[in-house]
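Heads up, model_2.txt below (compact mmCIF, C-alpha atoms):
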```
# COMPACT_ATOMS: atom_id res chain seq x y z
CA MET P 139 -6.29 11.24 -20.37
CA ARG P 140 -8.21 13.07 -23.11
CA ARG P 141 -8.49 16.09 -20.85
CA PHE P 142 -4.71 16.10 -20.32
CA ILE P 143 -3.96 15.78 -24.04
CA PHE P 144 -6.40 18.59 -24.84
CA PHE P 145 -4.84 20.79 -22.16
CA ALA P 146 -1.32 20.04 -23.36
CA SER P 147 -2.26 20.87 -26.95
CA ILE P 148 -3.62 24.26 -25.89
CA LEU P 149 -0.50 24.83 -23.83
CA VAL P 150 1.86 24.07 -26.69
CA SER P 151 -0.06 26.27 -29.13
CA TRP P 152 -0.12 29.15 -26.67
CA GLY P 153 3.55 28.69 -25.71
CA SER P 154 4.77 28.88 -29.30
CA VAL P 155 3.62 32.50 -29.64
CA ALA P 156 4.11 33.61 -26.04
CA ALA P 157 7.09 35.10 -24.27
CA THR P 158 10.17 33.00 -23.68
CA TRP P 159 10.04 30.58 -20.74
CA GLU P 160 12.84 31.13 -18.24
CA ILE P 161 13.43 27.87 -16.43
CA ARG P 162 15.92 27.94 -13.58
CA TYR P 163 17.77 24.92 -12.24
CA PRO P 164 20.27 24.59 -9.36
CA LYS P 165 23.71 25.75 -10.40
CA PRO P 166 26.27 22.91 -10.06
CA GLU P 167 29.77 23.30 -8.72
CA LEU P 168 31.15 22.39 -12.17
CA ASP P 169 29.49 23.22 -15.49
CA THR P 170 30.87 19.96 -16.92
CA ASP P 171 29.23 17.81 -14.24
CA LEU P 172 27.38 14.98 -16.02
CA ARG P 173 24.87 14.94 -13.18
CA THR P 174 23.76 18.29 -14.61
CA THR P 175 24.64 18.12 -18.31
CA TYR P 176 22.60 15.02 -19.11
CA PRO P 177 19.41 16.13 -17.31
CA LEU P 178 19.70 19.48 -19.09
CA GLN P 179 20.00 17.65 -22.40
CA VAL P 180 16.82 15.75 -21.56
CA LEU P 181 15.03 18.95 -20.57
CA SER P 182 16.08 20.62 -23.82
CA LEU P 183 14.93 17.61 -25.81
CA ALA P 184 11.53 17.69 -24.11
CA LEU P 185 11.06 21.42 -24.60
CA ASP P 186 12.15 21.22 -28.24
CA GLN P 187 9.33 18.73 -28.85
CA THR P 188 6.73 21.30 -27.77
CA GLY P 189 7.74 24.29 -29.91
CA VAL P 190 7.97 26.78 -27.02
CA ARG P 191 10.70 29.37 -26.68
CA TYR P 192 12.80 28.81 -23.58
CA ASN P 193 16.01 29.55 -21.74
CA LEU P 194 17.48 27.09 -19.24
CA LEU P 195 19.31 29.18 -16.68
CA PRO P 196 21.31 28.24 -13.58
CA THR P 197 20.69 29.93 -10.27
CA GLN P 198 23.14 32.69 -9.44
CA LYS P 199 24.82 30.65 -6.72
CA VAL P 200 25.66 26.98 -6.33
CA ILE P 201 22.78 25.24 -4.54
CA GLY P 202 23.07 21.77 -3.05
CA GLN P 203 20.32 19.20 -3.31
CA GLY P 204 18.84 19.77 0.13
CA LYS P 205 18.54 23.53 -0.31
CA SER P 206 17.29 23.24 -3.89
CA ILE P 207 14.41 21.05 -2.69
CA LYS P 208 13.52 23.63 -0.04
CA GLN P 209 13.69 26.47 -2.57
CA LEU P 210 11.54 24.63 -5.06
CA LYS P 211 8.99 23.76 -2.40
CA ALA P 212 8.84 27.46 -1.46
CA ASN P 213 8.67 28.46 -5.15
CA ARG P 214 11.82 30.58 -4.88
CA GLU P 215 14.84 30.74 -7.23
CA VAL P 216 14.38 27.25 -8.69
CA SER P 217 11.88 26.13 -11.37
CA VAL P 218 12.94 22.50 -11.70
CA ILE P 219 15.18 19.95 -10.04
CA TRP P 220 15.99 16.34 -10.88
CA SER P 221 16.27 13.89 -8.05
CA MET P 222 15.79 10.30 -7.06
CA THR P 223 12.22 9.91 -5.96
CA ASP P 224 10.84 8.88 -2.61
CA LYS P 225 7.51 9.18 -0.83
CA ILE P 226 8.33 12.43 0.94
CA ARG P 227 9.54 14.19 -2.21
CA GLU P 228 6.41 13.21 -4.08
CA GLU P 229 4.29 14.56 -1.22
CA GLU P 230 6.14 17.88 -1.12
CA LEU P 231 6.80 18.42 -4.83
CA LEU P 232 5.20 17.69 -8.20
CA PRO P 233 6.93 14.83 -10.07
CA VAL P 234 6.83 14.03 -13.76
CA ARG P 235 6.94 10.26 -13.45
CA ILE P 236 9.25 9.49 -16.35
CA PRO P 237 12.59 8.06 -15.13
CA ILE P 238 15.21 10.04 -17.02
CA TYR P 239 17.91 7.41 -16.34
CA LYS P 240 15.52 4.57 -17.20
CA GLY P 241 16.10 2.96 -13.79
CA LEU P 242 19.89 2.67 -14.07
CA ILE P 243 20.26 5.06 -11.15
CA GLY P 244 19.37 2.03 -9.00
CA TYR P 245 22.29 -0.09 -10.27
CA ARG P 246 25.12 0.72 -7.86
CA ILE P 247 28.79 -0.16 -8.08
CA PHE P 248 31.44 0.96 -5.64
CA PHE P 249 34.36 3.25 -5.15
CA VAL P 250 36.79 1.53 -2.77
CA LYS P 251 40.35 2.23 -1.74
CA SER P 252 42.66 0.56 -4.25
CA GLU P 253 44.42 -1.37 -1.50
CA HIS P 254 41.11 -3.01 -0.46
CA LEU P 255 40.03 -4.38 -3.85
CA SER P 256 40.90 -7.96 -2.98
CA LEU P 257 38.68 -7.82 0.09
CA PHE P 258 35.50 -7.34 -1.94
CA SER P 259 36.36 -10.04 -4.48
CA SER P 260 35.82 -12.74 -1.85
CA PHE P 261 32.20 -11.83 -1.03
CA SER P 262 29.49 -14.26 -2.12
CA ASP P 263 26.61 -13.23 0.15
CA ILE P 264 25.14 -9.86 1.08
CA SER P 265 25.59 -10.65 4.79
CA GLU P 266 29.35 -10.42 4.21
CA LEU P 267 29.01 -7.01 2.57
CA ARG P 268 26.85 -5.76 5.45
CA GLN P 269 29.84 -6.06 7.75
CA TYR P 270 31.29 -3.00 6.00
CA SER P 271 30.00 0.57 5.94
CA PRO P 272 28.97 2.55 2.87
CA VAL P 273 29.11 6.36 2.72
CA GLN P 274 26.16 8.34 1.31
CA GLY P 275 24.56 11.77 1.44
CA TYR P 276 22.73 12.70 4.62
CA ASP P 277 19.44 13.42 2.85
CA TRP P 278 19.70 10.97 -0.05
CA PRO P 279 16.92 8.39 -0.52
CA ASP P 280 19.75 5.87 -1.06
CA THR P 281 20.71 6.27 2.59
CA LYS P 282 17.27 5.15 3.77
CA ILE P 283 17.33 2.25 1.31
CA LEU P 284 20.69 0.98 2.52
CA GLN P 285 19.74 1.38 6.17
CA HIS P 286 16.49 -0.53 5.57
CA ASN P 287 18.54 -3.35 4.06
CA GLY P 288 20.80 -3.70 7.07
CA PHE P 289 23.76 -1.43 6.30
CA GLU P 290 25.31 0.95 8.80
CA VAL P 291 25.65 4.05 6.63
CA VAL P 292 28.14 6.86 7.22
CA THR P 293 26.64 10.15 5.99
CA SER P 294 27.79 13.62 4.98
CA ASN P 295 26.18 16.81 3.68
CA ASP P 296 29.23 17.51 1.49
CA PHE P 297 29.60 15.39 -1.64
CA ASN P 298 33.35 15.91 -1.98
CA ALA P 299 33.84 15.04 1.69
CA MET P 300 32.46 11.56 0.99
CA TYR P 301 35.62 10.68 -0.90
CA ASN P 302 37.71 11.85 2.05
CA ILE P 303 35.61 9.73 4.41
CA LEU P 304 36.48 6.76 2.24
CA ASP P 305 40.14 7.72 2.09
CA VAL P 306 40.52 7.93 5.89
CA GLU P 307 38.53 4.67 6.22
CA ARG P 308 35.60 6.00 8.21
CA ALA P 309 33.61 4.12 5.55
CA ASN P 310 34.62 1.17 3.37
CA PHE P 311 32.81 1.74 0.08
CA PHE P 312 30.95 4.46 -1.79
CA PRO P 313 28.07 3.13 -3.93
CA ARG P 314 27.44 5.19 -7.07
CA SER P 315 25.19 4.47 -10.02
CA VAL P 316 26.63 2.89 -13.16
CA VAL P 317 25.82 6.10 -15.06
CA GLU P 318 27.63 8.38 -12.59
CA ILE P 319 30.72 6.63 -11.32
CA TRP P 320 32.95 6.69 -14.41
CA ALA P 321 32.63 10.41 -15.01
CA GLU P 322 33.32 11.04 -11.32
CA LEU P 323 36.46 8.91 -11.41
CA ASP P 324 37.74 10.69 -14.53
CA ARG P 325 36.69 14.19 -13.48
CA ASP P 326 37.62 14.30 -9.83
CA ASN P 327 41.10 12.75 -10.06
CA HIS P 328 40.49 10.08 -7.45
CA SER P 329 42.21 7.32 -9.41
CA ASP P 330 45.45 7.79 -7.46
CA TYR P 331 43.92 6.19 -4.36
CA LEU P 332 40.46 4.89 -5.35
CA ALA P 333 39.34 2.13 -7.71
CA ILE P 334 36.02 0.87 -8.98
CA GLU P 335 35.25 -2.54 -7.50
CA PRO P 336 34.75 -4.95 -10.47
CA HIS P 337 32.78 -7.89 -9.03
CA ILE P 338 29.74 -6.69 -7.07
CA ALA P 339 26.67 -4.52 -7.71
CA LEU P 340 23.63 -3.51 -5.71
CA ARG P 341 20.27 -3.06 -7.41
CA TYR P 342 17.11 -1.48 -6.12
CA PRO P 343 14.07 -0.21 -8.02
CA THR P 344 14.10 3.58 -8.21
CA ALA P 345 13.69 6.49 -10.58
CA THR P 346 15.12 9.96 -11.08
CA TYR P 347 12.40 12.42 -12.08
CA PHE P 348 12.06 16.08 -12.87
CA PHE P 349 10.30 17.76 -9.95
CA PHE P 350 8.38 21.05 -9.90
CA ASN P 351 6.58 23.20 -7.37
CA LYS P 352 3.10 21.79 -6.78
CA LYS P 353 1.50 24.95 -8.14
CA ASN P 354 3.50 24.87 -11.38
CA LEU P 355 1.22 22.45 -13.23
CA VAL P 356 1.65 24.25 -16.55
CA LEU P 357 5.43 23.77 -16.69
CA ALA P 358 5.21 20.19 -15.42
CA ASN P 359 2.61 19.29 -18.05
CA LEU P 360 4.70 20.97 -20.73
CA ILE P 361 7.78 18.90 -19.84
CA GLU P 362 5.75 15.69 -19.61
CA THR P 363 4.21 16.32 -23.03
CA GLY P 364 7.65 16.82 -24.55
CA LEU P 365 9.15 13.79 -22.85
CA ARG P 366 6.37 11.50 -24.04
CA ARG P 367 6.74 12.78 -27.59
CA ALA P 368 10.50 12.17 -27.44
CA ILE P 369 9.93 8.64 -26.12
CA ASP P 370 7.40 7.85 -28.84
CA SER P 371 9.70 9.17 -31.57
CA GLY P 372 12.74 7.29 -30.28
CA GLU P 373 14.71 10.49 -29.66
CA PHE P 374 14.78 9.95 -25.90
CA ASP P 375 16.33 6.48 -26.18
CA LYS P 376 18.77 7.76 -28.79
CA LEU P 377 20.04 10.46 -26.42
CA PHE P 378 20.11 8.04 -23.49
CA MET P 379 22.32 5.55 -25.31
CA GLN P 380 24.60 8.23 -26.78
CA VAL P 381 25.41 9.41 -23.28
CA HIS P 382 25.41 6.13 -21.35
CA GLU P 383 26.30 3.21 -23.63
CA GLY P 384 30.02 3.55 -22.94
CA TYR P 385 29.45 3.62 -19.19
CA LEU P 386 27.26 0.53 -19.35
CA THR P 387 29.98 -1.31 -21.25
CA ARG P 388 32.64 -0.33 -18.72
CA ALA P 389 30.43 -1.38 -15.80
CA ASN P 390 30.22 -4.94 -17.21
CA ILE P 391 27.06 -5.37 -15.17
CA ASN P 392 26.19 -8.77 -16.64
CA GLU P 393 29.33 -10.30 -15.14
CA ARG P 394 28.80 -8.93 -11.64
CA LEU P 395 27.29 -10.56 -8.59
CA ILE P 396 24.15 -8.45 -8.06
CA PHE P 397 22.57 -8.15 -4.63
CA GLU P 398 18.90 -7.15 -4.86
CA LEU P 399 17.68 -4.64 -2.25
CA ASP P 400 14.20 -3.58 -1.20
CA ASN P 401 13.25 0.06 -1.63
CA PRO P 402 10.91 1.03 1.21
CA VAL P 403 10.63 4.65 0.01
CA LEU P 404 9.50 3.84 -3.54
CA PRO P 405 6.12 5.54 -4.11
CA ASP P 406 3.19 3.37 -5.15
CA ALA P 407 2.64 5.51 -8.27
CA THR P 408 6.04 4.58 -9.77
CA PRO P 409 5.28 3.29 -13.32
CA VAL P 410 7.20 0.03 -12.87
CA ASP P 411 4.93 -1.85 -15.30
CA ASN P 412 5.58 0.47 -18.26
CA ALA P 413 8.45 -1.40 -19.92
CA LYS P 414 9.34 1.33 -22.41
CA LEU P 415 10.36 3.66 -19.56
CA TRP P 416 13.06 1.32 -18.20
CA TYR P 417 16.37 -0.05 -19.39
CA THR P 418 16.64 -3.82 -19.09
CA VAL P 419 20.00 -5.29 -18.12
CA ASN P 420 20.27 -8.69 -19.79
```
So, in terms of structure tokens, how does the structure I just supplied come out?
Amino acid sequence: MRRFIFFASILVSWGSVAATWEIRYPKPELDTDLRTTYPLQVLSLALDQTGVRYNLLPTQKVIGQGKSIKQLKANREVSVIWSMTDKIREEELLPVRIPIYKGLIGYRIFFVKSEHLSLFSSFSDISELRQYSPVQGYDWPDTKILQHNGFEVVTSNDFNAMYNILDVERANFFPRSVVEIWAELDRDNHSDYLAIEPHIALRYPTATYFFFNKKNLVLANLIETGLRRAIDSGEFDKLFMQVHEGYLTRANINERLIFELDNPVLPDATPVDNAKLWYTVN
């Protein structure tokens, strides 16, 4: 630990007088996408703590999650991604093991067709829910988690197509995290045929991290140094609540029936015992 702190101190001192860091992230389809804006806010907060000069720049073209992982692994185009962790990603990439959503990415509530809301309100056991199919991304860790827990998952490589799969009833529900679903409902104009199911939630332990190429230790250590400073100062939690408090209130998670799921792809190094890194739902 002392060696890391010493290294980080040298890094920060050097960075403050060096050339500007250009840090590239995968360009989203929409600049207003909260799945991008919040992680960029966290990145900026971390970098601001270190005193370095930096520019956060999108790639020239829109890059989906699967391709961005490949590009980062090959050290091309992309400097950083943020993604839900699993064992394979931590083998292929370099994680900074600070969960930027404080674990809330593992609290999942559902998009369902409005006409099917009453169906879900009658469930009292997860075996009843397993009779219906969720839709998820083909390469998402969530897909493996749901399959491991007995769900027959319908998959797609196209995020927007997942809503259409739900609409044509190839799948019955679309689990999204409590910090994603509201913005998606408001932004994507699905409220004319979709609703957010109000009674049920799934929960599994997981974390969304910043990932880097394995050779980019300097940048990863820089971001980790800044994140830990922001956590210690309270600035990280302040930003987290500013962005997410309203969504947590709308989710009404304390009043939901929560089904606990196992996460077979959760890496052993996940800092589950460090309470200050996680949000606790009362």
Discussion item. I'd like the neighbourhood of P:Phe350 as a ChimeraX atom specification, where a residue qualifies if any of its atoms comes within 7 Å (using all atoms listed in the file), though same-chain residues fewer than 6 positions away should be ignored.
Written reply: /P:210,217-219,231-233,358
Worksheet item: How many Å separate atom CA of P:Gly364 from atom CA of P:Glu215?
Response: 23.4 Å
Around stretch 266-274 of chain P, fit a box with edges along x, y and z, padding it by 6 Å on each side, then list its centre and edge lengths in Å to one decimal as lines of an AutoDock Vina configuration file.
```
center_x = 28.7
center_y = -1.0
center_z = 4.5
size_x = 17.1
size_y = 30.8
size_z = 18.4
```
Item to complete: Rounded to one decimal place, report the atom CA of P:Pro272-atom CA of P:Phe311 distance in Å.
Response: 4.8 Å
Discussion item. My list of candidates is P:Lys225, P:Lys282, P:Lys240, P:Lys352. Which is closest to P:Leu404 when distances are computed with all atoms listed in the file?
Written reply: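 Using all atoms listed in the file, P:Leu404 sits closest to P:Lys225.
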Which neighbours of P:Glu318 fall inside 9 Å, counting all atoms listed in the file, when residues of the same chain fewer than 3 positions from it are skipped, and could you give them as a compact mmCIF listing (two decimals) with C-alpha atoms, in the frame of the given file?
```txt
# COMPACT_ATOMS: atom_id res chain seq x y z
CA LEU P 172 27.38 14.98 -16.02
CA ARG P 173 24.87 14.94 -13.18
CA ILE P 243 20.26 5.06 -11.15
CA ARG P 314 27.44 5.19 -7.07
CA SER P 315 25.19 4.47 -10.02
CA ALA P 321 32.63 10.41 -15.01
CA GLU P 322 33.32 11.04 -11.32
CA LEU P 323 36.46 8.91 -11.41
CA TYR P 385 29.45 3.62 -19.19
```
Worksheet entry | Separation of atom CA of P:Thr387 from atom CA of P:Gln203, in Å and rounded to one decimal |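 We find that atom CA of P:Thr387 and atom CA of P:Gln203 lie 28.9 Å from each other.
Considering all atoms listed in the file, the residue among P:Arg308, P:Arg268, P:Lys199, P:Arg367 positioned nearest to P:Glu290 is P:Arg268.
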Fill in: Close residues, stretch 406-409 of chain P itself excluded, 10 Å, only C-alpha atoms, min 5 positions apart in chain, as a list in words
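Skipping anything fewer than 5 positions along the chain leaves Thr223, Asp224, Lys225, Glu228, Arg235, Ile236, Pro237, Pro343, Thr344, Ala345, Leu415 and Trp416 of chain P.
Here the question is which of P:Arg214, P:Val316, P:Ser221, P:Ile361 gets nearest to P:Gly189 using all atoms listed in the file, and that residue is P:Ile361.
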Discussion item. Around (10.6, 27.3, -26.2), as given in the file, which residues come within 8 Å? Count all atoms listed in the file and list them as a ChimeraX atom specification.
Written reply: /P:153-154,158-159,185-186,188-193
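Using all atoms listed in the file, the shortest contact distance between P:Asn401 and any of P:Ile161, P:Leu355, P:Ile338, P:Leu284 is found at P:Leu284.
Compared by their closest atoms to P:Glu253, and using all atoms listed in the file, the residues P:Asp375, P:Glu383, P:Asp305, P:Glu398 rank with P:Asp305 nearest.
Ranking P:Leu255, P:Val419, P:Leu181, P:Ala368 by their shortest atom-to-atom distance to P:Glu335, with all atoms listed in the file included, puts P:Leu255 first.
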Practice prompt. Pick out the residues sitting within 10 Å of P:Met300, and hand them over as JSON, numbers by chain; count only C-alpha atoms, and ignore anything fewer than 6 positions along from it in its own chain.
Written response: {"P": [272, 273, 274, 275, 292, 293, 294, 308, 309, 311, 312]}
